[in-house]
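Note: the block below is run_24.tsv and it holds TSV, C-alpha atoms.
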```tsv
chain	number	residue	atom	x	y	z
A	231	MET	CA	134.35	163.10	89.73
A	232	ASN	CA	131.19	165.07	90.48
A	233	THR	CA	129.63	165.92	93.82
A	234	VAL	CA	127.51	162.77	93.90
A	235	ALA	CA	130.47	160.57	93.12
A	236	ILE	CA	132.56	162.19	95.85
A	237	ALA	CA	129.76	161.84	98.40
A	238	SER	CA	129.35	158.17	97.57
A	239	SER	CA	133.05	157.38	97.82
A	240	PRO	CA	134.21	154.40	99.99
A	241	SER	CA	134.93	156.72	102.94
A	242	ALA	CA	131.20	157.27	103.35
A	243	ALA	CA	130.56	153.52	103.81
A	244	PRO	CA	129.67	152.38	107.37
A	245	ARG	CA	132.56	150.73	109.18
A	246	ARG	CA	132.54	147.50	111.18
A	247	ASP	CA	134.08	148.19	114.58
A	248	THR	CA	133.49	144.74	116.10
A	249	GLY	CA	137.09	143.61	115.65
A	250	VAL	CA	138.55	146.75	117.22
A	251	ILE	CA	136.12	146.62	120.16
A	252	ALA	CA	136.83	142.91	120.77
A	253	LEU	CA	140.59	143.47	120.66
A	254	ALA	CA	140.30	146.51	122.95
A	255	ALA	CA	138.30	144.47	125.45
A	256	ALA	CA	140.83	141.60	125.27
A	257	SER	CA	143.73	144.06	125.75
A	258	ALA	CA	142.06	145.69	128.77
A	259	LEU	CA	141.34	142.31	130.36
A	260	LEU	CA	144.87	141.03	129.75
A	261	LEU	CA	146.41	144.26	131.11
A	262	ALA	CA	144.28	144.01	134.27
A	263	LEU	CA	145.30	140.35	134.71
A	264	THR	CA	148.98	141.20	134.18
A	265	LEU	CA	148.82	143.96	136.80
A	266	PHE	CA	147.05	141.62	139.23
A	267	TRP	CA	149.63	138.86	138.75
A	268	THR	CA	152.55	141.30	138.88
A	269	PHE	CA	151.58	143.05	142.09
A	270	ILE	CA	149.46	140.51	143.94
A	271	LYS	CA	150.54	137.01	142.91
A	272	ALA	CA	154.20	137.27	141.80
A	273	PRO	CA	156.59	137.35	144.79
A	274	THR	CA	159.26	139.97	145.46
A	275	GLU	CA	162.66	139.04	144.02
A	276	LEU	CA	165.65	138.28	146.26
A	277	GLN	CA	168.33	140.52	144.70
A	278	MET	CA	166.43	143.27	142.87
A	279	GLY	CA	163.58	143.58	145.36
A	280	ILE	CA	160.39	145.30	144.24
A	281	VAL	CA	162.08	146.86	141.17
A	282	GLN	CA	162.11	143.42	139.53
A	283	LYS	CA	158.38	143.94	138.91
A	284	ILE	CA	159.35	146.37	136.13
A	285	PHE	CA	160.49	143.27	134.22
A	286	TYR	CA	156.89	142.04	133.59
A	287	PHE	CA	156.14	145.10	131.44
A	288	HIS	CA	159.64	146.00	130.25
A	289	VAL	CA	160.31	142.77	128.32
A	290	PRO	CA	156.81	142.49	126.76
A	291	SER	CA	157.10	146.17	125.74
A	292	ALA	CA	160.29	145.29	123.87
A	293	TYR	CA	158.37	142.59	121.97
A	294	ALA	CA	155.55	145.06	121.29
A	295	MET	CA	158.22	147.40	119.87
A	296	TYR	CA	159.41	144.61	117.55
A	297	ILE	CA	155.79	143.97	116.44
A	298	GLY	CA	155.28	147.66	115.61
A	299	TYR	CA	158.54	147.99	113.73
A	300	ALA	CA	158.03	144.67	111.90
A	301	LEU	CA	154.63	145.93	110.69
A	302	CYS	CA	156.32	149.13	109.55
A	303	VAL	CA	158.91	147.12	107.59
A	304	ILE	CA	156.18	144.98	105.96
A	305	GLY	CA	154.00	148.03	105.22
A	306	SER	CA	156.94	149.94	103.74
A	307	ALA	CA	158.03	147.00	101.58
A	308	MET	CA	154.50	146.44	100.30
A	309	TYR	CA	154.09	150.17	99.64
A	310	LEU	CA	157.25	150.16	97.53
A	311	ILE	CA	155.99	147.11	95.60
A	312	LYS	CA	152.30	147.98	95.20
A	313	ARG	CA	152.22	151.78	95.82
A	314	SER	CA	149.15	151.18	97.95
A	315	ASP	CA	148.01	153.84	100.45
A	316	ALA	CA	146.61	151.12	102.72
A	317	TRP	CA	150.06	149.53	103.17
A	318	GLU	CA	151.57	152.94	103.84
A	319	ALA	CA	148.97	153.52	106.55
A	320	TRP	CA	150.05	150.25	108.23
A	321	ALA	CA	153.68	151.35	107.99
A	322	VAL	CA	152.91	154.68	109.68
A	323	GLY	CA	150.90	152.92	112.39
A	324	GLY	CA	153.66	150.39	112.99
A	325	ALA	CA	156.39	153.04	113.21
A	326	GLU	CA	154.40	155.18	115.64
A	327	VAL	CA	153.37	152.34	117.94
A	328	GLY	CA	156.84	150.78	117.77
A	329	SER	CA	158.36	154.11	118.82
A	330	ILE	CA	155.90	154.47	121.71
A	331	PHE	CA	156.94	151.05	123.03
A	332	CYS	CA	160.61	151.84	122.35
A	333	LEU	CA	160.24	154.90	124.60
A	334	ILE	CA	158.62	152.75	127.30
A	335	VAL	CA	161.41	150.16	127.02
A	336	LEU	CA	164.17	152.77	127.27
A	337	VAL	CA	162.61	154.61	130.23
A	338	THR	CA	161.68	151.49	132.23
A	339	GLY	CA	165.09	149.99	131.40
A	340	SER	CA	166.83	153.11	132.72
A	341	LEU	CA	164.88	152.89	135.98
A	342	TRP	CA	165.82	149.22	136.24
A	343	GLY	CA	169.45	150.13	135.54
A	344	ARG	CA	169.49	152.65	138.39
A	345	LYS	CA	168.82	149.81	140.80
A	346	ALA	CA	170.86	147.09	139.07
A	347	TRP	CA	173.93	149.06	137.97
A	348	GLY	CA	173.67	152.29	139.97
A	349	VAL	CA	173.27	154.44	136.83
A	350	TYR	CA	170.29	155.42	134.70
A	351	TRP	CA	172.15	155.02	131.42
A	352	THR	CA	175.08	153.04	130.11
A	353	TRP	CA	176.26	152.50	126.53
A	354	ASP	CA	175.52	148.78	126.63
A	355	PRO	CA	175.14	147.17	123.15
A	356	ARG	CA	171.47	146.21	123.71
A	357	ILE	CA	170.49	149.65	125.04
A	358	THR	CA	172.48	151.52	122.39
A	359	THR	CA	171.05	149.50	119.49
A	360	ALA	CA	167.52	149.93	120.90
A	361	LEU	CA	168.09	153.69	121.01
A	362	LEU	CA	169.43	153.59	117.45
A	363	ILE	CA	166.41	151.74	116.04
A	364	GLY	CA	164.13	154.15	117.90
A	365	MET	CA	165.94	157.11	116.31
A	366	ILE	CA	165.57	155.58	112.83
A	367	TYR	CA	161.79	155.32	113.20
A	368	VAL	CA	161.49	158.76	114.80
A	369	ALA	CA	163.28	160.05	111.68
A	370	TYR	CA	160.76	158.11	109.56
A	371	LEU	CA	157.85	159.68	111.44
A	372	LEU	CA	159.33	163.16	111.20
A	373	LEU	CA	159.74	162.70	107.46
A	374	ARG	CA	156.13	161.47	107.13
A	375	ASN	CA	154.71	164.28	109.27
A	376	LEU	CA	156.83	167.15	107.98
A	377	GLY	CA	155.47	167.38	104.47
A	378	ALA	CA	156.11	163.96	102.95
A	379	THR	CA	153.07	164.21	100.69
A	380	GLY	CA	154.79	163.82	97.31
A	381	GLU	CA	155.43	160.41	95.77
A	382	ALA	CA	159.23	160.78	96.02
A	383	GLU	CA	159.10	161.73	99.72
A	384	ARG	CA	156.75	158.85	100.47
A	385	ARG	CA	159.06	156.41	98.71
A	386	PHE	CA	162.05	157.80	100.61
A	387	ALA	CA	160.16	157.43	103.89
A	388	ALA	CA	159.28	153.82	102.95
A	389	GLY	CA	162.98	153.18	102.29
A	390	LEU	CA	163.80	154.54	105.73
A	391	GLY	CA	161.08	152.30	107.19
A	392	LEU	CA	162.78	149.31	105.58
A	393	LEU	CA	166.18	150.36	106.92
A	394	GLY	CA	165.20	149.49	110.49
A	395	GLY	CA	164.38	145.89	109.49
A	396	PRO	CA	167.92	144.48	109.51
A	397	LEU	CA	168.59	146.31	112.77
A	398	MET	CA	165.90	144.38	114.68
A	399	PRO	CA	167.81	141.06	114.87
A	400	ILE	CA	170.92	143.03	115.81
A	401	VAL	CA	169.04	144.63	118.73
A	402	HIS	CA	167.68	141.25	119.79
A	403	TYR	CA	170.92	139.27	119.50
A	404	SER	CA	173.23	142.07	120.68
A	405	VAL	CA	173.28	140.41	124.11
A	406	GLN	CA	174.68	137.23	122.54
A	407	LEU	CA	176.90	138.97	119.98
A	408	TRP	CA	178.69	141.41	122.27
A	409	ARG	CA	179.43	141.40	125.94
A	410	GLY	CA	177.54	144.04	127.85
A	411	GLN	CA	175.72	144.62	131.10
A	412	HIS	CA	172.19	143.85	129.96
A	413	PRO	CA	170.94	140.69	131.70
A	414	THR	CA	169.48	137.71	129.85
A	415	VAL	CA	166.74	136.08	131.84
A	416	ILE	CA	165.22	133.95	129.11
A	417	THR	CA	168.08	131.62	128.06
A	418	LYS	CA	168.42	128.00	126.98
A	419	LYS	CA	170.19	126.92	130.19
A	420	GLY	CA	170.54	128.71	133.52
A	421	GLY	CA	168.78	131.95	134.37
A	422	GLY	CA	165.04	132.03	134.37
A	423	LEU	CA	162.16	132.80	136.65
A	424	GLN	CA	162.23	130.62	139.75
A	425	ASP	CA	158.59	131.01	140.79
A	426	PRO	CA	155.61	129.80	138.69
A	427	ASN	CA	153.74	133.05	139.42
A	428	MET	CA	156.64	135.03	137.94
A	429	VAL	CA	156.33	132.96	134.75
A	430	ILE	CA	152.55	133.50	134.60
A	431	ALA	CA	152.98	137.28	135.12
A	432	LEU	CA	155.50	137.41	132.27
A	433	LEU	CA	153.34	135.34	129.91
A	434	LEU	CA	150.33	137.53	130.67
A	435	GLY	CA	152.50	140.58	130.02
A	436	PHE	CA	153.47	139.19	126.60
A	437	ALA	CA	149.83	138.49	125.72
A	438	ALA	CA	148.66	141.93	126.93
A	439	MET	CA	151.36	143.90	125.13
A	440	THR	CA	150.94	141.88	121.92
A	441	ALA	CA	147.18	142.54	121.90
A	442	LEU	CA	147.68	146.21	122.79
A	443	SER	CA	150.32	146.82	120.13
A	444	VAL	CA	148.24	145.18	117.39
A	445	LEU	CA	145.18	147.18	118.51
A	446	LEU	CA	147.06	150.50	118.51
A	447	VAL	CA	148.63	149.84	115.09
A	448	TRP	CA	145.24	148.84	113.68
A	449	VAL	CA	143.50	151.97	115.01
A	450	ARG	CA	146.35	154.25	113.92
A	451	ALA	CA	146.39	152.68	110.42
A	452	ARG	CA	142.63	153.24	110.11
A	453	ILE	CA	142.99	156.89	111.12
A	454	GLU	CA	145.81	157.34	108.62
A	455	ARG	CA	143.70	155.67	105.92
A	456	ASP	CA	140.82	158.07	106.71
A	457	ARG	CA	143.22	161.01	106.48
A	458	GLN	CA	144.41	159.80	103.06
A	459	ARG	CA	140.80	159.44	101.86
A	460	VAL	CA	139.80	162.91	103.09
A	461	LEU	CA	142.87	164.34	101.37
A	462	THR	CA	142.02	162.53	98.12
A	463	LEU	CA	138.41	163.78	98.26
A	464	GLU	CA	139.59	167.31	98.93
A	465	LEU	CA	141.98	167.22	95.99
A	466	ASP	CA	139.27	165.77	93.70
A	467	ALA	CA	136.76	168.38	94.81
A	468	ALA	CA	139.27	171.20	94.33
A	469	GLU	CA	140.20	169.86	90.90
A	470	HIS	CA	136.53	170.01	89.85
A	471	GLY	CA	136.12	173.54	91.18
A	472	LEU	CA	133.78	172.47	93.96
A	473	LEU	CA	135.72	174.22	96.72
A	474	GLU	CA	135.73	177.74	95.29
A	475	ASP	CA	134.09	179.17	98.41
A	476	GLU	CA	136.94	177.86	100.54
A	477	GLY	CA	139.41	180.18	98.85
B	160	MET	CA	190.65	117.66	97.26
B	161	ARG	CA	192.36	117.21	100.62
B	162	ARG	CA	192.89	120.96	100.86
B	163	ILE	CA	189.20	121.63	100.21
B	164	ARG	CA	188.24	119.07	102.85
B	165	ALA	CA	190.65	120.62	105.35
B	166	LEU	CA	189.31	124.11	104.55
B	167	ALA	CA	185.71	122.95	105.00
B	168	LEU	CA	186.60	121.30	108.30
B	169	GLY	CA	188.40	124.45	109.45
B	170	LEU	CA	185.45	126.65	108.53
B	171	GLY	CA	183.04	124.31	110.30
B	172	LEU	CA	185.16	124.40	113.45
B	173	LEU	CA	185.34	128.20	113.27
B	174	VAL	CA	181.55	128.55	112.96
B	175	CYS	CA	180.97	126.12	115.86
B	176	THR	CA	183.49	127.98	118.06
B	177	ALA	CA	181.92	131.35	117.24
B	178	ALA	CA	178.40	130.05	117.95
B	179	SER	CA	179.57	128.48	121.21
B	180	ALA	CA	181.34	131.71	122.23
B	181	GLN	CA	178.16	133.73	121.55
B	182	GLU	CA	176.09	131.33	123.62
B	183	ASP	CA	178.65	131.40	126.43
B	184	ALA	CA	178.63	135.21	126.40
B	185	ALA	CA	174.87	135.16	126.95
B	186	GLU	CA	174.95	132.35	129.50
B	187	SER	CA	177.74	133.99	131.53
B	188	ARG	CA	175.38	136.93	132.20
B	189	SER	CA	172.22	134.89	132.59
B	190	ALA	CA	170.17	136.22	135.48
B	191	THR	CA	168.09	134.15	137.87
B	192	PHE	CA	165.15	135.66	139.70
B	193	GLN	CA	164.42	134.03	143.04
B	194	ALA	CA	161.35	134.58	145.19
B	195	VAL	CA	161.76	135.82	148.76
B	196	GLU	CA	159.30	135.90	151.68
B	197	GLY	CA	158.46	139.25	153.35
B	198	THR	CA	160.27	142.55	152.85
B	199	THR	CA	163.87	142.88	151.63
B	200	LYS	CA	166.60	145.32	152.71
B	201	GLU	CA	167.43	147.64	149.78
B	202	ASP	CA	170.37	150.04	149.37
B	203	VAL	CA	168.68	151.90	146.48
B	204	ALA	CA	165.03	152.60	147.25
B	205	GLY	CA	163.04	150.51	144.78
B	206	PHE	CA	159.56	151.87	145.34
B	207	PRO	CA	160.08	155.31	143.65
B	208	LEU	CA	161.72	153.57	140.67
B	209	LEU	CA	158.80	151.17	140.37
B	210	VAL	CA	156.24	154.00	140.61
B	211	ALA	CA	158.19	156.00	138.02
B	212	ALA	CA	158.30	153.02	135.64
B	213	TYR	CA	154.60	152.17	135.83
B	214	GLY	CA	153.68	155.87	135.87
B	215	THR	CA	155.66	156.36	132.65
B	216	ILE	CA	153.91	153.41	130.99
B	217	LEU	CA	150.50	154.79	132.02
B	218	VAL	CA	151.24	158.37	130.94
B	219	VAL	CA	152.81	157.40	127.59
B	220	LEU	CA	149.97	155.01	126.67
B	221	CYS	CA	147.23	157.45	127.77
B	222	ALA	CA	148.92	160.31	125.86
B	223	TYR	CA	149.09	158.17	122.73
B	224	VAL	CA	145.42	157.15	122.97
B	225	ALA	CA	144.55	160.86	123.41
B	226	ARG	CA	146.61	161.65	120.29
B	227	LEU	CA	144.67	159.01	118.36
B	228	GLY	CA	141.44	160.63	119.53
B	229	LEU	CA	142.65	164.06	118.39
B	230	LEU	CA	143.69	162.74	114.98
B	231	GLN	CA	140.31	161.05	114.57
B	232	ARG	CA	138.51	164.29	115.48
B	233	LYS	CA	140.67	166.25	113.05
B	234	ASN	CA	139.68	163.86	110.25
B	235	GLY	CA	136.01	164.26	111.23
B	236	ASP	CA	136.30	168.07	111.19
B	237	GLU	CA	137.99	168.00	107.78
B	238	LEU	CA	135.27	165.72	106.39
B	239	GLU	CA	132.57	167.98	107.80
B	240	ARG	CA	134.20	171.06	106.26
B	241	LEU	CA	134.42	169.27	102.94
B	242	THR	CA	130.79	168.14	103.11
B	243	ARG	CA	129.63	171.73	103.85
B	244	ALA	CA	131.67	173.09	100.94
B	245	LEU	CA	130.25	170.44	98.60
B	246	SER	CA	126.67	171.15	99.75
B	247	ARG	CA	127.16	174.84	99.04
B	248	SER	CA	128.58	173.97	95.65
B	249	THR	CA	125.62	171.66	94.86
B	250	GLU	CA	123.11	174.36	95.89
B	251	ARG	CA	124.88	176.90	93.70
B	252	ALA	CA	124.84	174.48	90.75
B	253	GLY	CA	121.08	173.85	91.33
B	254	ARG	CA	120.30	177.57	91.34
B	255	ALA	CA	122.29	178.06	88.13
B	256	ASP	CA	120.23	175.31	86.44
```
For this file, produce the structure as structure tokens.
Amino acid sequence: MNTVAIASSPSAAPRRDTGVIALAAASALLLALTLFWTFIKAPTELQMGIVQKIFYFHVPSAYAMYIGYALCVIGSAMYLIKRSDAWEAWAVGGAEVGSIFCLIVLVTGSLWGRKAWGVYWTWDPRITTALLIGMIYVAYLLLRNLGATGEAERRFAAGLGLLGGPLMPIVHYSVQLWRGQHPTVITKKGGGLQDPNMVIALLLGFAAMTALSVLLVWVRARIERDRQRVLTLELDAAEHGLLEDEG
Amino acid sequence: MRRIRALALGLGLLVCTAASAQEDAAESRSATFQAVEGTTKEDVAGFPLLVAAYGTILVVLCAYVARLGLLQRKNGDELERLTRALSRSTERAGRAD
């Protein structure tokens, strides 16, 4: 590849940002609506008091975590099948965003637990499995960021990304599978939110966190894709002796 | 044949019992959130916990967006460095011709 060919590579093409901007605007609007409904419209809860308002972001954050990790699983699987950098970028984005929401879930859950159970942490099956899946994807990210540039390392990282997949249903159904302290509010019978405004706040929270997680994964995947392209260009240029001045 | 039928029936019963037990385990801990008018008496102060929870969400999300910005800038800087190096290389090649 000569200088002209490198300069005219796909990375130099103008990018359409309309989708990202629209999703960012939708996320911001939904987050504002969720906050309004949580603090202004939804009433205080009888037993938990004001702390119950954590629920409207805690549960949707858990779903955002699943979205991130599911995208990482898909991206990793597709990378192993097609060896495509684009799929790997989605996997990295999914793992990072999933881990961010996992952190939010664990911290807000601990603060909830302080009020509900009197302790910040307990080795409940749901909490423990959530911590475990978070640790798996932190390991994936460490592997990707600490020099996983070779094909073998990238494949190993993709394998690790896949490993978290079977753990997701275990995290989700741990409340049904094993007895623990974690409450189940959304069940087939019993439980539930007794005020319509509580339901609206929760639904808005789901919509906001879904939009936000998809937006963050999309942006992170694009940045990762750019990084891969810059790296490829640099390697091509170096191979053709065009970076001699750089040392 | 009878044995197979009995085994199938037994297995079916086992699966149903296990599924029912799982559902019961979830239902026995099902929580109900009820609305209340005015302020409530609390033994553990809820307000600091609520502030800490929403503060954490805000800080974590803002920090991550800032990280995305930094990564984007790093890519831009790398691309700029590469472009400069290539321009120098092109100029040198032009002079040599």
| request: Have a look at A:Thr414, A:Gln277, A:Ser291, A:Thr268 and name the one nearest to Pro426 of chain A; count all atoms listed in the file. | output: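 Going through A:Thr414, A:Gln277, A:Ser291, A:Thr268 one by one, the smallest distance to Pro426 of chain A is for A:Thr268.
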| field | d(atom CA of Ile363 of chain A, atom CA of Gly394 of chain A) in Å | value |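 Between atom CA of Ile363 of chain A and atom CA of Gly394 of chain A the gap is 6.1 Å.
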| query | Could you work out how far atom CA of Ala387 of chain A lies from atom CA of Ile330 of chain A, giving the answer in Å with one decimal? | reply | 18.6 Å
| task | Give the answer as one residue: which of A:Leu407, A:Asn427, A:Leu432, A:Arg455 has the shortest atom-to-atom distance to Ala272 of chain A, using only C-alpha atoms? | result |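 Ranked by minimum distance to Ala272 of chain A, first place goes to A:Asn427.
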| request: Counting only C-alpha atoms, collect the residues of chain A whose closest atom lies at most 8 Å from chain B, and write them out as a PyMOL selection string. | output: chain A and resi 233+237+273-277+279-281+283-284+330+334+337-338+341-342+345+405-409+411-417+419-425+449-450+453+456-457+460+464+467+472-473+475-476
| message | Nearest residue to Ala256 of chain A out of A:Ala319, A:Leu362, A:Ala438, A:Ile304, using all atoms listed in the file? | response | A:Ala438
| said: Please report the interatomic distance between atom CA of Arg313 of chain A and atom CA of Val368 of chain A in Å with one decimal. | reply: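 One can read the atom CA of Arg313 of chain A to atom CA of Val368 of chain A distance as 22.2 Å.
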